[in-house]
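Structure file input_15.txt; described as compact mmCIF, C-alpha atoms.
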# COMPACT_ATOMS: atom_id res chain seq x y z
CA MET A 11 -20.27 122.65 34.72
CA SER A 12 -17.69 123.86 37.25
CA LEU A 13 -18.34 123.96 40.98
CA GLU A 14 -17.99 127.76 40.92
CA ASN A 15 -20.66 128.13 38.23
CA THR A 16 -22.91 125.73 40.14
CA ASN A 17 -22.56 127.80 43.32
CA ILE A 18 -23.28 131.03 41.44
CA GLY A 19 -26.42 129.41 40.04
CA LYS A 20 -27.51 128.35 43.53
CA ALA A 21 -26.82 131.84 44.88
CA ALA A 22 -28.90 133.36 42.07
CA LEU A 23 -31.84 131.09 42.95
CA TRP A 24 -31.58 132.00 46.65
CA MET A 25 -31.42 135.70 45.72
CA ILE A 26 -34.55 135.40 43.59
CA GLY A 27 -36.27 134.28 46.79
CA ALA A 28 -34.73 137.15 48.76
CA ILE A 29 -35.74 139.74 46.16
CA ALA A 30 -39.29 138.40 46.03
CA SER A 31 -39.49 138.41 49.84
CA PHE A 32 -38.17 141.95 50.30
CA SER A 33 -40.50 143.24 47.59
CA ALA A 34 -43.49 141.42 49.13
CA MET A 35 -42.68 142.86 52.55
CA ALA A 36 -42.60 146.42 51.16
CA ILE A 37 -45.96 146.03 49.41
CA ALA A 38 -47.52 144.29 52.43
CA GLY A 39 -46.20 147.04 54.71
CA ARG A 40 -47.81 149.72 52.57
CA GLU A 41 -51.14 147.86 52.49
CA ALA A 42 -51.13 147.15 56.24
CA GLY A 43 -50.33 150.81 56.85
CA HIS A 44 -53.82 151.74 55.68
CA GLN A 45 -55.24 150.43 58.99
CA LEU A 46 -52.29 150.09 61.38
CA ASP A 47 -49.48 152.42 62.41
CA THR A 48 -45.87 151.20 62.23
CA PHE A 49 -45.74 150.29 65.94
CA GLU A 50 -48.82 148.11 65.56
CA ILE A 51 -47.36 146.46 62.46
CA MET A 52 -44.16 145.68 64.37
CA THR A 53 -46.17 144.37 67.33
CA TYR A 54 -48.08 141.83 65.26
CA ARG A 55 -45.01 140.94 63.19
CA SER A 56 -43.03 140.25 66.38
CA LEU A 57 -45.91 138.27 67.90
CA ILE A 58 -46.02 135.98 64.88
CA GLY A 59 -42.23 135.77 65.00
CA VAL A 60 -42.24 134.75 68.68
CA ILE A 61 -44.75 131.98 67.95
CA ILE A 62 -42.62 130.64 65.09
CA VAL A 63 -39.30 130.85 67.00
CA VAL A 64 -40.72 129.27 70.17
CA ALA A 65 -42.26 126.45 68.13
CA VAL A 66 -38.96 125.77 66.33
CA LEU A 67 -36.92 125.88 69.56
CA THR A 68 -39.34 123.50 71.23
CA LEU A 69 -39.60 121.04 68.35
CA THR A 70 -35.81 120.93 67.85
CA GLY A 71 -34.95 120.91 71.56
CA SER A 72 -32.77 123.99 71.15
CA TRP A 73 -33.78 126.00 74.23
CA LYS A 74 -30.37 125.32 75.77
CA GLN A 75 -28.86 127.52 73.03
CA VAL A 76 -30.76 130.57 74.31
CA SER A 77 -28.42 132.53 76.56
CA ARG A 78 -28.97 135.47 78.92
CA GLN A 79 -25.30 136.48 79.15
CA ARG A 80 -25.42 139.27 76.53
CA LEU A 81 -28.82 140.79 77.24
CA GLY A 82 -27.41 144.33 77.19
CA ILE A 83 -26.06 143.98 73.65
CA HIS A 84 -29.25 142.17 72.60
CA LEU A 85 -31.26 145.13 73.89
CA ILE A 86 -29.14 147.69 72.01
CA ARG A 87 -29.21 145.61 68.83
CA ASN A 88 -32.96 145.04 68.94
CA ALA A 89 -33.73 148.67 69.81
CA ALA A 90 -31.73 149.73 66.73
CA HIS A 91 -33.51 147.20 64.51
CA PHE A 92 -36.92 148.10 65.95
CA THR A 93 -36.28 151.79 65.23
CA GLY A 94 -34.93 151.13 61.74
CA GLN A 95 -37.80 148.83 60.81
CA ASN A 96 -40.41 151.31 62.03
CA LEU A 97 -38.80 154.08 60.01
CA TRP A 98 -38.68 151.78 56.96
CA PHE A 99 -42.35 150.79 57.23
CA PHE A 100 -43.27 154.47 57.61
CA ALA A 101 -41.19 155.39 54.56
CA VAL A 102 -42.88 152.80 52.29
CA THR A 103 -46.22 154.52 52.96
CA MET A 104 -44.84 158.00 52.17
CA ILE A 105 -42.52 157.87 49.14
CA PRO A 106 -42.05 155.69 46.01
CA LEU A 107 -40.87 152.18 46.85
CA ALA A 108 -37.82 152.49 44.57
CA GLN A 109 -36.67 155.54 46.51
CA VAL A 110 -36.98 153.64 49.80
CA PHE A 111 -34.92 150.72 48.49
CA ALA A 112 -32.24 152.98 47.00
CA LEU A 113 -31.72 154.77 50.33
CA GLU A 114 -31.82 151.45 52.22
CA PHE A 115 -28.85 150.24 50.16
CA THR A 116 -26.65 152.80 51.95
CA SER A 117 -26.59 150.66 55.12
CA PRO A 118 -23.25 149.00 54.25
CA LEU A 119 -21.68 152.44 53.85
CA TRP A 120 -22.81 153.44 57.33
CA VAL A 121 -21.26 150.20 58.57
CA VAL A 122 -17.96 151.33 57.04
CA MET A 123 -18.12 154.69 58.79
CA LEU A 124 -19.30 153.42 62.19
CA SER A 125 -17.38 150.13 62.47
CA PRO A 126 -14.19 151.77 63.82
CA LEU A 127 -16.21 153.06 66.79
CA ILE A 128 -18.26 149.91 67.45
CA LEU A 129 -16.19 147.01 66.10
CA GLY A 130 -12.72 148.50 66.26
CA GLU A 131 -12.11 147.87 62.56
CA ALA A 132 -9.67 149.94 60.53
CA LEU A 133 -11.02 152.69 58.28
CA THR A 134 -8.94 152.42 55.11
CA ARG A 135 -8.61 155.05 52.43
CA PRO A 136 -10.58 153.02 49.82
CA ARG A 137 -13.41 152.58 52.32
CA VAL A 138 -13.53 156.31 52.98
CA GLN A 139 -13.65 156.91 49.23
CA ALA A 140 -16.46 154.36 48.90
CA ALA A 141 -18.41 156.08 51.68
CA VAL A 142 -18.01 159.49 50.06
CA LEU A 143 -19.16 158.11 46.71
CA GLY A 144 -22.13 156.49 48.44
CA PHE A 145 -23.20 159.75 50.01
CA VAL A 146 -23.00 161.39 46.58
CA GLY A 147 -25.48 158.71 45.52
CA ILE A 148 -27.73 159.65 48.45
CA LEU A 149 -27.73 163.27 47.29
CA ILE A 150 -28.69 162.18 43.77
CA VAL A 151 -31.55 160.04 45.07
CA ALA A 152 -32.84 162.59 47.60
CA ARG A 153 -31.97 165.78 45.66
CA PRO A 154 -32.35 167.83 48.87
CA SER A 155 -34.23 171.08 48.41
CA PRO A 156 -37.30 172.68 49.98
CA GLU A 157 -39.36 171.22 47.12
CA THR A 158 -38.06 167.63 47.16
CA MET A 159 -37.23 166.90 50.81
CA ASN A 160 -39.98 165.35 52.88
CA ILE A 161 -40.45 163.17 55.95
CA GLY A 162 -40.50 160.00 53.83
CA ILE A 163 -36.99 160.59 52.46
CA ILE A 164 -35.68 161.50 55.90
CA THR A 165 -37.10 158.37 57.52
CA ALA A 166 -35.89 156.09 54.70
CA ALA A 167 -32.36 157.51 54.94
CA SER A 168 -32.44 157.28 58.74
CA SER A 169 -33.58 153.65 58.66
CA ALA A 170 -30.36 152.78 56.81
CA ILE A 171 -28.32 154.10 59.74
CA PHE A 172 -30.22 151.97 62.25
CA PHE A 173 -29.97 148.92 59.98
CA ALA A 174 -26.21 149.50 59.91
CA LEU A 175 -26.14 149.55 63.71
CA THR A 176 -28.15 146.32 63.69
CA ILE A 177 -25.60 144.68 61.38
CA MET A 178 -22.67 145.69 63.59
CA PHE A 179 -24.21 144.60 66.88
CA THR A 180 -25.32 141.35 65.25
CA LYS A 181 -21.71 140.78 64.26
CA ARG A 182 -20.63 141.33 67.85
CA LEU A 183 -23.28 138.93 69.13
CA THR A 184 -22.32 136.15 66.71
CA ARG A 185 -18.93 135.95 68.39
CA ASP A 186 -20.54 134.41 71.49
CA GLU A 187 -24.23 133.82 70.77
CA SER A 188 -26.07 131.20 68.72
CA ILE A 189 -28.48 132.10 65.94
CA ALA A 190 -31.29 130.57 68.03
CA SER A 191 -30.51 132.92 70.93
CA ILE A 192 -30.30 135.97 68.65
CA LEU A 193 -33.63 135.18 66.98
CA PHE A 194 -35.41 134.49 70.26
CA TRP A 195 -34.34 137.75 71.89
CA LEU A 196 -34.99 139.60 68.62
CA THR A 197 -38.64 138.59 68.49
CA ALA A 198 -39.26 138.66 72.26
CA MET A 199 -37.71 142.07 72.91
CA GLN A 200 -39.28 143.66 69.85
CA LEU A 201 -42.68 142.32 70.88
CA VAL A 202 -42.33 144.14 74.21
CA MET A 203 -41.13 147.28 72.44
CA GLY A 204 -44.00 147.09 69.97
CA VAL A 205 -46.68 146.63 72.63
CA THR A 206 -45.18 149.47 74.68
CA MET A 207 -45.05 151.94 71.80
CA ALA A 208 -48.31 150.90 70.16
CA GLY A 209 -50.20 150.93 73.46
CA TRP A 210 -48.88 154.14 74.99
CA ASP A 211 -52.23 155.79 74.21
CA GLY A 212 -54.20 152.81 75.48
CA ASP A 213 -55.42 151.87 72.00
CA ILE A 214 -53.93 149.06 69.90
CA ALA A 215 -55.91 148.46 66.70
CA ILE A 216 -57.02 144.91 65.99
CA PRO A 217 -56.33 143.94 62.36
CA ASP A 218 -59.40 143.13 60.31
CA GLN A 219 -59.75 140.28 57.83
CA THR A 220 -58.33 142.47 55.08
CA THR A 221 -55.19 143.49 56.98
CA MET A 222 -54.37 140.17 58.68
CA PRO A 223 -53.14 138.45 55.48
CA TRP A 224 -50.76 141.36 54.90
CA LEU A 225 -49.37 140.98 58.44
CA LEU A 226 -48.83 137.27 57.90
CA LEU A 227 -47.05 138.07 54.65
CA ILE A 228 -44.81 140.63 56.41
CA ALA A 229 -43.81 138.10 59.07
CA PHE A 230 -43.27 135.28 56.57
CA ALA A 231 -41.43 137.45 54.03
CA GLY A 232 -39.18 138.91 56.73
CA LEU A 233 -38.03 135.42 57.73
CA THR A 234 -37.63 134.06 54.20
CA ALA A 235 -35.77 137.16 52.97
CA HIS A 236 -32.98 136.80 55.52
CA PHE A 237 -32.98 133.00 55.20
CA CYS A 238 -32.48 133.23 51.42
CA MET A 239 -29.85 135.97 51.75
CA THR A 240 -27.89 133.93 54.32
CA ASN A 241 -27.93 130.85 52.11
CA ALA A 242 -26.83 132.86 49.08
CA LEU A 243 -23.84 134.23 50.99
CA ALA A 244 -23.04 130.71 52.19
CA VAL A 245 -22.55 129.38 48.64
CA ALA A 246 -21.15 132.45 46.86
CA PRO A 247 -19.00 135.47 47.76
CA ALA A 248 -20.44 138.92 48.42
CA THR A 249 -18.98 140.10 45.09
CA VAL A 250 -21.56 137.84 43.43
CA VAL A 251 -24.47 138.24 45.82
CA VAL A 252 -24.48 142.06 46.13
CA PRO A 253 -24.88 142.78 42.38
CA ILE A 254 -27.79 140.31 42.28
CA ASP A 255 -29.32 141.95 45.36
CA PHE A 256 -29.29 145.33 43.63
CA THR A 257 -31.67 143.99 40.99
CA ARG A 258 -34.46 144.33 43.53
CA LEU A 259 -34.36 148.09 42.87
CA PRO A 260 -35.59 147.86 39.26
CA VAL A 261 -37.94 145.06 40.35
CA ILE A 262 -39.57 147.19 43.06
CA ALA A 263 -39.58 150.21 40.72
CA LEU A 264 -41.51 148.16 38.16
CA LEU A 265 -43.91 146.82 40.81
CA GLY A 266 -44.46 150.35 42.12
CA MET A 267 -45.32 151.52 38.63
CA LEU A 268 -47.69 148.61 37.91
CA ILE A 269 -49.45 148.47 41.31
CA TYR A 270 -49.35 152.07 42.54
CA LYS A 271 -48.73 153.97 39.28
CA GLU A 272 -45.48 155.40 40.69
CA PRO A 273 -43.40 157.14 38.00
CA LEU A 274 -39.99 155.72 37.08
CA ASP A 275 -37.56 158.38 38.34
CA ILE A 276 -34.30 158.37 36.36
CA TRP A 277 -32.53 160.24 39.17
CA VAL A 278 -33.36 157.51 41.68
CA LEU A 279 -31.93 154.88 39.33
CA CYS A 280 -28.81 156.96 38.67
CA GLY A 281 -28.27 157.53 42.38
CA ALA A 282 -28.76 153.82 43.04
CA ILE A 283 -26.05 152.97 40.49
CA VAL A 284 -23.64 155.31 42.29
CA ILE A 285 -24.53 153.71 45.64
CA PHE A 286 -24.00 150.27 44.10
CA MET A 287 -20.55 151.31 42.84
CA ALA A 288 -19.66 152.55 46.33
CA ASN A 289 -20.76 149.28 47.94
CA TYR A 290 -18.85 147.25 45.37
CA MET A 291 -15.70 149.31 45.98
CA ASN A 292 -16.05 148.52 49.69
CA ILE A 293 -16.45 144.78 49.01
CA MET A 294 -13.41 144.68 46.72
CA ASP A 295 -11.31 146.54 49.32
CA ALA A 296 -12.36 144.02 51.98
CA LYS A 297 -11.49 141.17 49.61
CA THR A 298 -8.06 142.68 48.86
CA THR A 299 -7.38 143.25 52.56
CA LYS A 300 -8.31 139.65 53.38
CA ARG A 301 -6.08 138.31 50.60
CA SER A 302 -3.10 140.40 51.78
CA ARG A 303 -3.50 139.07 55.32
CA VAL A 304 -3.51 135.48 54.06
CA ASN A 305 -0.38 136.08 52.01
Go ahead and render the structure in this file as structure tokens.
Amino acid sequence: MSLENTNIGKAALWMIGAIASFSAMAIAGREAGHQLDTFEIMTYRSLIGVIIVVAVLTLTGSWKQVSRQRLGIHLIRNAAHFTGQNLWFFAVTMIPLAQVFALEFTSPLWVVMLSPLILGEALTRPRVQAAVLGFVGILIVARPSPETMNIGIITAASSAIFFALTIMFTKRLTRDESIASILFWLTAMQLVMGVTMAGWDGDIAIPDQTTMPWLLLIAFAGLTAHFCMTNALAVAPATVVVPIDFTRLPVIALLGMLIYKEPLDIWVLCGAIVIFMANYMNIMDAKTTKRSRVN
């Protein structure tokens, strides 16, 4: 077996973990939403995250990697992620899970459109075409009309924009900051944001014995999802990883049907295919651009 085939196999195994984790987080978010609002969910998720990150930094002696030199960018990045994650958790309680995932997949297209402003990257013609095609996919998924539009669709689509901002500011931070520093400020800042927003009315709900396991699953799945995705990208190119990642749409659609009796919407699947094509066009353009620079 060739090294390339071996790496693809490893990437597929990592992506199975990522798909399972993302799906578990969506289901756990919906279940926790029966008792807690999204700010409370984020508060407890961040609290668990802080405990885990602090323990790892202490046990590995990595506190020296935590820097305070880019706190402004950390704050912007974490505010964007906090907003996007709250919108996402709200959306999973309002609309079918497959619809949430399909709209979430538009994040890379927002990166394409916003990166010239934030990262100073060139906006090529193929990337513009990919973005346009992606937004056609959004229209197919959302089918905007007075009868079909609702707050769930709006929040799911909006979360993709904030996730795109998170991606871009994370990219800026990785130029100077360690992963340890990024994770510490991520959990610490979002814990403060969560407590502030959840406690503005002086009432933060305490999770009961039914909800607590779902919160633990959200925190654990959030960490394992990104860990598995990072490892998949480390052993295989995005042209391999992204198509595998898109299989979580039919997976979550099937889980939504089995657990919540959500109907399988052909328009959501069709729109998701269009969005996938747009993302793949963007990846191939980036690959071509990189190859031309090398040559």
| Counting all atoms listed in the file, the residue of A:Leu127, A:Ile276, A:Ala215, A:Ala244 that sits nearest Gly43 in chain A |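 Among the listed residues, A:Ala215 lies closest to Gly43 in chain A.
Nearest to Ser169 in chain A of all the residues A:His236, A:Arg258, A:Arg80, A:His91 is A:His91, counting all atoms listed in the file.
Proximity of A:Leu274, A:Glu50, A:Ala132, A:Leu265 to Ala296 in chain A, computed with all atoms listed in the file, is greatest for A:Ala132.
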| request: Using CA of Gly147 in chain A and CA of Val284 in chain A as the two end points, give the distance in Å to one decimal. | output: 5.0 Å
| By how many Å are CA of Ala208 in chain A and CA of Tyr54 in chain A apart? |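 Distance reported for this atom pair: 10.3 Å.
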| said: Please compute the CA of Gly39 in chain A-CA of Thr158 in chain A distance, one decimal, in Å. | reply: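 Computing the Euclidean distance for CA of Gly39 in chain A and CA of Thr158 in chain A yields 23.4 Å.
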| message | Under the rule that only C-alpha atoms are counted, which of A:Ile18, A:Met203, A:Ala166, A:Ile29 is the nearest residue to Asp255 in chain A? | response |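 Under the stated criterion, the closest residue is A:Ile29.
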| message | Using only C-alpha atoms, which protein or nucleic acid residues come within 10 Å of Asp186 in chain A? Drop anything in the same chain fewer than 3 positions from it, and give the result as a list of chain:residue names. | response | A:Ser77, A:Gln79, A:Arg80, A:Lys181, A:Arg182, A:Leu183, A:Ile189
Selection to disk with C-alpha atoms, as a compact mmCIF listing (two decimals), in the frame of the given file:
# COMPACT_ATOMS: atom_id res chain seq x y z
CA SER A 77 -28.42 132.53 76.56
CA GLN A 79 -25.30 136.48 79.15
CA ARG A 80 -25.42 139.27 76.53
CA LYS A 181 -21.71 140.78 64.26
CA ARG A 182 -20.63 141.33 67.85
CA LEU A 183 -23.28 138.93 69.13
CA ILE A 189 -28.48 132.10 65.94
| message | Just want the 8 Å neighbourhood of Val102 in chain A, counted on all atoms listed in the file, with same-chain residues fewer than 3 positions away dropped. Output as a ChimeraX atom specification. | response | /A:36-37,39-40,98-99,105-107,110,162
| message | I'd like the contact shell of Ile26 in chain A - 12 Å cut-off, only C-alpha atoms, skipping same-chain residues fewer than 6 positions apart - returned as a PyMOL selection string. | response | chain A and resi 19-20+32-33+234-235+237-239+241-242+251+254-258+261
| task | Quick one: everything within 12 Å of Gln95 in chain A, counting all atoms listed in the file, minus sequence neighbours fewer than 2 positions away in the same chain. Send it as number ranges by chain. | result | A: 35-36, 39, 48-49, 51-53, 55-56, 88-93, 97-102, 114, 165-174, 176, 200, 204, 228, 232
| task | Please tell me which residues are no farther than 7 Å from (-41.7, 135.6, 60.2) in the file, counting only C-alpha atoms, and write them as a list in words. | result | Arg55, Ile58, Gly59, Ala229, Phe230, Ala231, Gly232 and Leu233 of chain A
Reconstruct N, CA and C atoms of range 150-184 of chain A; output as a short mmCIF file (atom, residue, chain, number, x, y, z; two decimals), in the coordinates of the input.
data_model
loop_
_atom_site.label_atom_id
_atom_site.label_comp_id
_atom_site.auth_asym_id
_atom_site.auth_seq_id
_atom_site.Cartn_x
_atom_site.Cartn_y
_atom_site.Cartn_z
N ILE A 150 -28.02 162.31 45.06
CA ILE A 150 -28.69 162.18 43.77
C ILE A 150 -30.10 161.63 43.95
N VAL A 151 -30.24 160.64 44.83
CA VAL A 151 -31.55 160.04 45.07
C VAL A 151 -32.50 161.03 45.75
N ALA A 152 -31.98 161.70 46.79
CA ALA A 152 -32.84 162.59 47.60
C ALA A 152 -33.00 163.96 46.98
N ARG A 153 -31.96 164.44 46.25
CA ARG A 153 -31.97 165.78 45.66
C ARG A 153 -32.53 166.80 46.66
N PRO A 154 -31.82 166.99 47.79
CA PRO A 154 -32.35 167.83 48.87
C PRO A 154 -32.60 169.27 48.45
N SER A 155 -33.82 169.70 48.65
CA SER A 155 -34.23 171.08 48.41
C SER A 155 -35.57 171.25 49.11
N PRO A 156 -35.99 172.47 49.33
CA PRO A 156 -37.30 172.68 49.98
C PRO A 156 -38.45 172.00 49.23
N GLU A 157 -38.28 171.81 47.91
CA GLU A 157 -39.36 171.22 47.12
C GLU A 157 -39.35 169.69 47.16
N THR A 158 -38.16 169.09 47.27
CA THR A 158 -38.06 167.63 47.16
C THR A 158 -37.94 166.91 48.49
N MET A 159 -37.42 167.57 49.52
CA MET A 159 -37.23 166.90 50.81
C MET A 159 -38.57 166.75 51.53
N ASN A 160 -38.77 165.58 52.10
CA ASN A 160 -39.98 165.35 52.88
C ASN A 160 -39.68 164.31 53.95
N ILE A 161 -40.65 164.07 54.82
CA ILE A 161 -40.45 163.17 55.95
C ILE A 161 -40.17 161.75 55.49
N GLY A 162 -40.72 161.35 54.33
CA GLY A 162 -40.50 160.00 53.83
C GLY A 162 -39.04 159.76 53.48
N ILE A 163 -38.41 160.71 52.81
CA ILE A 163 -36.99 160.59 52.46
C ILE A 163 -36.13 160.57 53.71
N ILE A 164 -36.45 161.44 54.66
CA ILE A 164 -35.68 161.50 55.90
C ILE A 164 -35.76 160.19 56.67
N THR A 165 -36.96 159.62 56.77
CA THR A 165 -37.10 158.37 57.52
C THR A 165 -36.45 157.20 56.79
N ALA A 166 -36.52 157.17 55.45
CA ALA A 166 -35.89 156.09 54.70
C ALA A 166 -34.37 156.15 54.87
N ALA A 167 -33.80 157.36 54.77
CA ALA A 167 -32.36 157.51 54.94
C ALA A 167 -31.94 157.17 56.37
N SER A 168 -32.76 157.56 57.33
CA SER A 168 -32.44 157.28 58.74
C SER A 168 -32.52 155.79 59.05
N SER A 169 -33.45 155.09 58.41
CA SER A 169 -33.58 153.65 58.66
C SER A 169 -32.30 152.93 58.27
N ALA A 170 -31.61 153.41 57.24
CA ALA A 170 -30.36 152.78 56.81
C ALA A 170 -29.31 152.85 57.91
N ILE A 171 -29.29 153.95 58.65
CA ILE A 171 -28.32 154.10 59.74
C ILE A 171 -28.61 153.08 60.84
N PHE A 172 -29.87 152.92 61.19
CA PHE A 172 -30.22 151.97 62.25
C PHE A 172 -30.05 150.53 61.79
N PHE A 173 -30.25 150.26 60.50
CA PHE A 173 -29.97 148.92 59.98
C PHE A 173 -28.47 148.64 60.05
N ALA A 174 -27.65 149.67 59.80
CA ALA A 174 -26.21 149.50 59.91
C ALA A 174 -25.80 149.17 61.34
N LEU A 175 -26.40 149.86 62.31
CA LEU A 175 -26.14 149.55 63.71
C LEU A 175 -26.56 148.12 64.04
N THR A 176 -27.68 147.69 63.48
CA THR A 176 -28.15 146.32 63.69
C THR A 176 -27.12 145.32 63.17
N ILE A 177 -26.59 145.58 61.98
CA ILE A 177 -25.60 144.68 61.38
C ILE A 177 -24.37 144.57 62.28
N MET A 178 -23.90 145.70 62.78
CA MET A 178 -22.67 145.69 63.59
C MET A 178 -22.86 145.00 64.93
N PHE A 179 -23.98 145.26 65.59
CA PHE A 179 -24.21 144.60 66.88
C PHE A 179 -24.54 143.12 66.70
N THR A 180 -25.13 142.77 65.55
CA THR A 180 -25.32 141.35 65.25
C THR A 180 -23.98 140.66 65.09
N LYS A 181 -23.05 141.34 64.43
CA LYS A 181 -21.71 140.78 64.26
C LYS A 181 -21.03 140.57 65.60
N ARG A 182 -21.21 141.50 66.52
CA ARG A 182 -20.63 141.33 67.85
C ARG A 182 -21.27 140.16 68.58
N LEU A 183 -22.59 140.01 68.44
CA LEU A 183 -23.28 138.93 69.13
C LEU A 183 -22.88 137.55 68.59
N THR A 184 -22.64 137.46 67.29
CA THR A 184 -22.32 136.15 66.71
C THR A 184 -20.98 135.61 67.19
#
